file start.txt (compact mmCIF, C-alpha atoms)
# COMPACT_ATOMS: atom_id res chain seq x y z
CA GLN A 1 0.53 -9.07 15.44
CA LEU A 2 1.62 -5.45 15.80
CA GLU A 3 1.04 -3.90 19.21
CA ALA A 4 -0.47 -0.46 19.76
CA ARG A 5 2.75 1.57 19.28
CA THR A 6 4.87 3.14 16.52
CA TYR A 7 7.04 1.01 14.24
CA TYR A 8 9.71 2.69 12.07
CA GLN A 9 10.37 1.32 8.60
CA ASP A 10 13.44 2.35 6.55
CA ARG A 11 12.91 -0.04 3.61
CA ALA A 12 10.24 -2.16 2.02
CA VAL A 13 9.11 -5.20 3.96
CA VAL A 14 8.67 -8.14 1.59
CA LEU A 15 6.01 -10.48 2.92
CA PRO A 16 6.49 -14.17 2.11
CA ALA A 17 3.52 -16.30 1.07
CA GLY A 18 1.01 -16.85 3.85
CA SER A 19 2.05 -13.80 5.90
CA THR A 20 -0.36 -11.87 8.12
CA VAL A 21 0.34 -8.36 9.46
CA VAL A 22 -2.38 -7.14 11.82
CA GLY A 23 -2.15 -3.94 13.84
CA ALA A 24 -4.12 -3.05 16.97
CA GLY A 25 -6.21 -0.59 14.91
CA ILE A 26 -6.14 2.73 13.09
CA ASN A 27 -4.54 5.45 15.26
CA LYS A 28 -3.32 2.77 17.66
CA THR A 29 -0.62 1.06 15.58
CA PHE A 30 1.53 3.37 13.43
CA VAL A 31 3.96 2.29 10.71
CA VAL A 32 6.15 5.31 9.94
CA ASN A 33 8.74 5.43 7.16
CA CYS A 34 12.07 6.89 8.26
CA GLY A 35 15.65 7.35 7.07
CA GLU A 36 16.87 9.36 4.12
CA PRO A 37 14.15 10.11 1.56
CA SER A 38 14.83 8.22 -1.64
CA SER A 39 13.15 6.62 -4.60
CA GLU A 40 13.47 3.18 -3.01
CA MET A 41 10.27 1.29 -2.28
CA ARG A 42 8.84 1.50 1.19
CA GLY A 43 5.72 -0.08 2.65
CA PHE A 44 4.69 -3.73 2.48
CA VAL A 45 5.34 -5.80 -0.67
CA LEU A 46 2.64 -8.43 -0.74
CA GLY A 47 3.15 -12.11 -1.44
CA ASN A 48 0.65 -14.85 -2.20
CA ASP A 49 -2.03 -15.52 0.41
CA THR A 50 -1.23 -12.45 2.52
CA TYR A 51 -3.33 -10.31 4.85
CA VAL A 52 -2.38 -6.76 5.92
CA GLY A 53 -4.52 -4.41 7.96
CA HIS A 54 -5.64 -2.41 10.99
CA PHE A 55 -2.97 0.28 11.30
CA THR A 56 -2.05 3.85 10.33
CA PHE A 57 0.73 4.29 7.77
CA GLN A 58 2.90 7.36 7.15
CA GLY A 59 5.13 7.44 4.09
CA HIS A 60 8.39 9.29 3.53
CA SER A 61 8.51 10.63 -0.03
CA PRO A 62 9.19 14.38 -0.08
CA SER A 63 8.01 14.60 -3.70
CA ARG A 64 6.63 12.51 -6.51
CA GLY A 65 8.96 9.84 -7.83
CA GLY A 66 9.49 7.28 -5.08
CA PHE A 67 7.36 4.20 -4.57
CA SER A 68 6.20 4.49 -1.00
CA GLY A 69 2.69 3.10 -1.07
CA ALA A 70 1.50 1.45 2.11
CA VAL A 71 1.01 -1.78 0.14
CA GLN A 72 2.31 -2.90 -3.23
CA THR A 73 2.98 -6.01 -5.26
CA PRO A 74 6.12 -7.07 -7.08
CA GLY A 75 6.06 -6.03 -10.72
CA GLY A 76 8.22 -6.33 -13.80
CA ALA A 77 8.79 -9.92 -14.90
CA SER A 78 6.81 -11.16 -11.88
CA ALA A 79 3.71 -13.24 -12.56
CA GLY A 80 1.98 -11.25 -9.81
CA VAL A 81 0.46 -12.47 -6.56
CA ALA A 82 -2.80 -14.18 -5.64
CA ASN A 83 -5.26 -14.16 -2.75
CA VAL A 84 -4.47 -10.89 -0.98
CA LEU A 85 -6.66 -9.02 1.50
CA VAL A 86 -5.75 -5.48 2.60
CA GLU A 87 -8.16 -3.71 4.92
CA HIS A 88 -8.57 -0.86 7.38
CA ILE A 89 -5.42 1.15 6.74
CA HIS A 90 -5.30 4.93 7.10
CA ILE A 91 -2.49 6.54 5.10
CA ARG A 92 -1.60 9.64 7.08
CA PRO A 93 -0.15 12.77 5.45
CA PHE A 94 2.37 15.01 7.18
CA ASP A 95 0.76 17.95 9.01
CA ASN A 96 3.07 20.92 9.62
CA GLY A 97 0.37 22.83 11.50
CA SER A 98 -0.82 24.92 8.56
CA HIS A 99 -0.81 22.51 5.63
CA TRP A 100 -1.05 18.78 4.99
CA TRP A 101 1.59 17.32 2.66
CA PRO A 102 1.32 13.91 1.00
CA LEU A 103 4.11 11.53 1.88
CA VAL A 104 3.24 8.60 -0.35
CA ASN A 105 3.05 8.37 -4.11
CA ASP A 106 0.18 5.88 -3.99
CA ALA A 107 -1.96 4.51 -1.20
CA ALA A 108 -1.64 1.14 -2.94
CA TRP A 109 0.61 0.37 -5.93
CA PHE A 110 0.13 -2.65 -8.19
CA PRO A 111 2.78 -2.31 -10.94
CA PRO A 112 2.64 -4.06 -14.31
CA THR A 113 3.45 -7.75 -14.30
CA ALA A 114 4.42 -10.15 -17.05
CA ARG A 115 1.92 -10.09 -19.94
CA TRP A 116 -1.15 -12.23 -19.49
CA THR A 117 -0.74 -15.72 -20.80
CA THR A 118 -3.14 -18.60 -20.78
CA ALA A 119 -2.78 -22.07 -19.40
CA SER A 120 -5.67 -24.36 -20.31
CA GLY A 121 -7.73 -21.31 -21.26
CA GLU A 122 -7.25 -19.54 -17.90
CA ARG A 123 -5.21 -16.44 -17.08
CA ALA A 124 -1.89 -17.59 -15.70
CA THR A 125 -0.12 -14.29 -14.99
CA GLY A 126 -1.04 -11.01 -13.33
CA SER A 127 -2.08 -10.49 -9.73
CA ARG A 128 -5.49 -11.98 -9.00
CA ASN A 129 -8.02 -12.29 -6.21
CA ILE A 130 -7.04 -8.98 -4.63
CA THR A 131 -9.35 -7.17 -2.16
CA LEU A 132 -8.77 -3.69 -0.75
CA ARG A 133 -11.34 -2.65 1.85
CA GLY A 134 -11.49 0.42 4.07
CA VAL A 135 -8.25 2.03 2.86
CA ILE A 136 -8.26 5.79 3.53
CA SER A 137 -5.86 8.35 2.10
CA TRP A 138 -6.20 12.13 2.28
CA GLY A 139 -3.29 13.01 0.05
CA THR A 140 -0.86 11.36 -2.37
CA TRP A 141 1.74 12.72 -4.77
CA ALA A 142 0.46 10.57 -7.64
CA ASP A 143 -2.46 8.17 -7.48
CA GLY A 144 -4.85 6.82 -4.90
CA ILE A 145 -5.01 3.11 -5.66
CA ASN A 146 -3.06 2.30 -8.80
CA PHE A 147 -3.51 -0.94 -10.74
CA HIS A 148 -1.26 -1.14 -13.82
CA GLY A 149 -2.02 -3.90 -16.31
CA GLY A 150 -2.20 -7.63 -15.90
CA HIS A 151 -4.34 -7.79 -12.74
CA HIS A 152 -7.74 -9.45 -12.54
CA ASP A 153 -10.46 -10.41 -10.06
CA VAL A 154 -9.88 -7.23 -8.03
CA LEU A 155 -12.35 -5.74 -5.53
CA VAL A 156 -11.94 -2.25 -4.07
CA GLU A 157 -14.70 -1.32 -1.61
CA ASP A 158 -15.42 1.20 1.14
CA CYS A 159 -12.21 3.12 0.41
CA GLU A 160 -11.75 6.89 0.51
CA MET A 161 -9.17 8.62 -1.70
CA SER A 162 -8.96 12.42 -1.50
CA TYR A 163 -6.45 14.93 -2.86
CA THR A 164 -4.62 12.60 -5.20
CA GLY A 165 -1.82 14.30 -7.10
CA ASP A 166 -3.06 13.54 -10.60
call {"tool": "encode", "arguments": {"input": "start.txt", "output": "structure tokens"}}
result
Amino acid sequence: QLEARTYYQDRAVVLPAGSTVVGAGINKTFVVNCGEPSSEMRGFVLGNDTYVGHFTFQGHSPSRGGFSGAVQTPGGASAGVANVLVEHIHIRPFDNGSHWWPLVNDAAWFPPTARWTTASGERATGSRNITLRGVISWGTWADGINFHGGHHDVLVEDCEMSYTGD
């Protein structure tokens, strides 16, 4: 449980299987990236059977190129994750008083995983059973919600993505 206050995050938080991160609500609990801008991942890296929601997130990428989505999954040789629910997160841009600047590359980033394989006729790799609900972003350097290959049984509902970079 995250209280109604600001939490500063200078690196990715890898959530082990079964983790739950629940804030006190949008514009009550703030997760703000800090430290030197870099191309290192920030945000929450989801594990199996995880729940993340009910907070405002502010990234820390000064330009396109870093991976600072509020939520993401492991990629590469990973088989992906299963049974994830992400809901009610507002990704806040930086407001300098005259212009809003995006500070995340993606609101949610699901990188490629190991190629799909079958076990007894069923998909055995790739993230699966993923739900994103009520995720709001008003500016990203790259994509809104980005699913790259190998993911299945995904539901995205009641989300708002505006001013995505490409």
call {"tool": "residues_around", "arguments": {"input": "start.txt", "residues": "segment 24-29 of chain A", "least_positions_apart": "4", "cutoff": "10 Å", "atoms": "only C-alpha atoms", "output": "PyMOL selection string"}}
result
chain A and resi 1-7+53-57+88-92
call {"tool": "closest_residue", "arguments": {"input": "start.txt", "among": "A:Gly134, A:Gly35, A:Gly149, A:Gly144", "to": "Glu87 of chain A", "atoms": "only C-alpha atoms"}}
result
A:Gly134
call {"tool": "closest_residue", "arguments": {"input": "start.txt", "among": "A:Ile145, A:Pro93, A:Glu36, A:Thr140", "to": "Val71 of chain A", "atoms": "only C-alpha atoms"}}
result
A:Ile145
call {"tool": "residues_near_point", "arguments": {"input": "start.txt", "point": "(16.3, 5.4, 10.0)", "cutoff": "12 Å", "atoms": "only C-alpha atoms", "output": "list in words"}}
result
Tyr7, Tyr8, Gln9, Asp10, Arg11, Val32, Asn33, Cys34, Gly35, Glu36, Pro37 and His60 of chain A
call {"tool": "closest_residue", "arguments": {"input": "start.txt", "among": "A:Leu132, A:Cys159, A:Val14, A:Ala142", "to": "Leu46 of chain A", "atoms": "only C-alpha atoms"}}
result
A:Val14
call {"tool": "residues_around", "arguments": {"input": "start.txt", "residues": "Asp153 of chain A", "least_positions_apart": "4", "cutoff": "8 Å", "atoms": "only C-alpha atoms", "output": "short mmCIF file (atom, residue, chain, number, x, y, z; two decimals) with C-alpha atoms, in the frame of the given file"}}
result
data_model
loop_
_atom_site.label_atom_id
_atom_site.label_comp_id
_atom_site.auth_asym_id
_atom_site.auth_seq_id
_atom_site.Cartn_x
_atom_site.Cartn_y
_atom_site.Cartn_z
CA ARG A 128 -5.49 -11.98 -9.00
CA ASN A 129 -8.02 -12.29 -6.21
CA ILE A 130 -7.04 -8.98 -4.63
#
call {"tool": "residues_around", "arguments": {"input": "start.txt", "residues": "His152 of chain A", "least_positions_apart": "4", "cutoff": "10 Å", "atoms": "only C-alpha atoms", "output": "number ranges by chain"}}
result
A: 82, 116, 123, 125-130, 147
call {"tool": "atom_distance", "arguments": {"input": "start.txt", "atom1": "atom CA of Gly75 of chain A", "atom2": "atom CA of Val45 of chain A"}}
result
10.1 Å
call {"tool": "atom_distance", "arguments": {"input": "start.txt", "atom1": "atom CA of Val135 of chain A", "atom2": "atom CA of Gly47 of chain A"}}
result
18.7 Å
call {"tool": "closest_residue", "arguments": {"input": "start.txt", "among": "A:Thr73, A:Ser19, A:Asn83, A:Asn105", "to": "Val52 of chain A", "atoms": "all atoms listed in the file"}}
result
A:Ser19
call {"tool": "residues_near_point", "arguments": {"input": "start.txt", "point": "(3.0, 7.0, -0.5)", "cutoff": "6 Å", "atoms": "all atoms listed in the file", "output": "list in words"}}
result
Gly59, Ser68, Gly69, Leu103, Val104, Asn105, Asp106 and Ala107 of chain A
call {"tool": "atom_distance", "arguments": {"input": "start.txt", "atom1": "atom CA of Ala70 of chain A", "atom2": "atom CA of Val21 of chain A"}}
result
12.3 Å
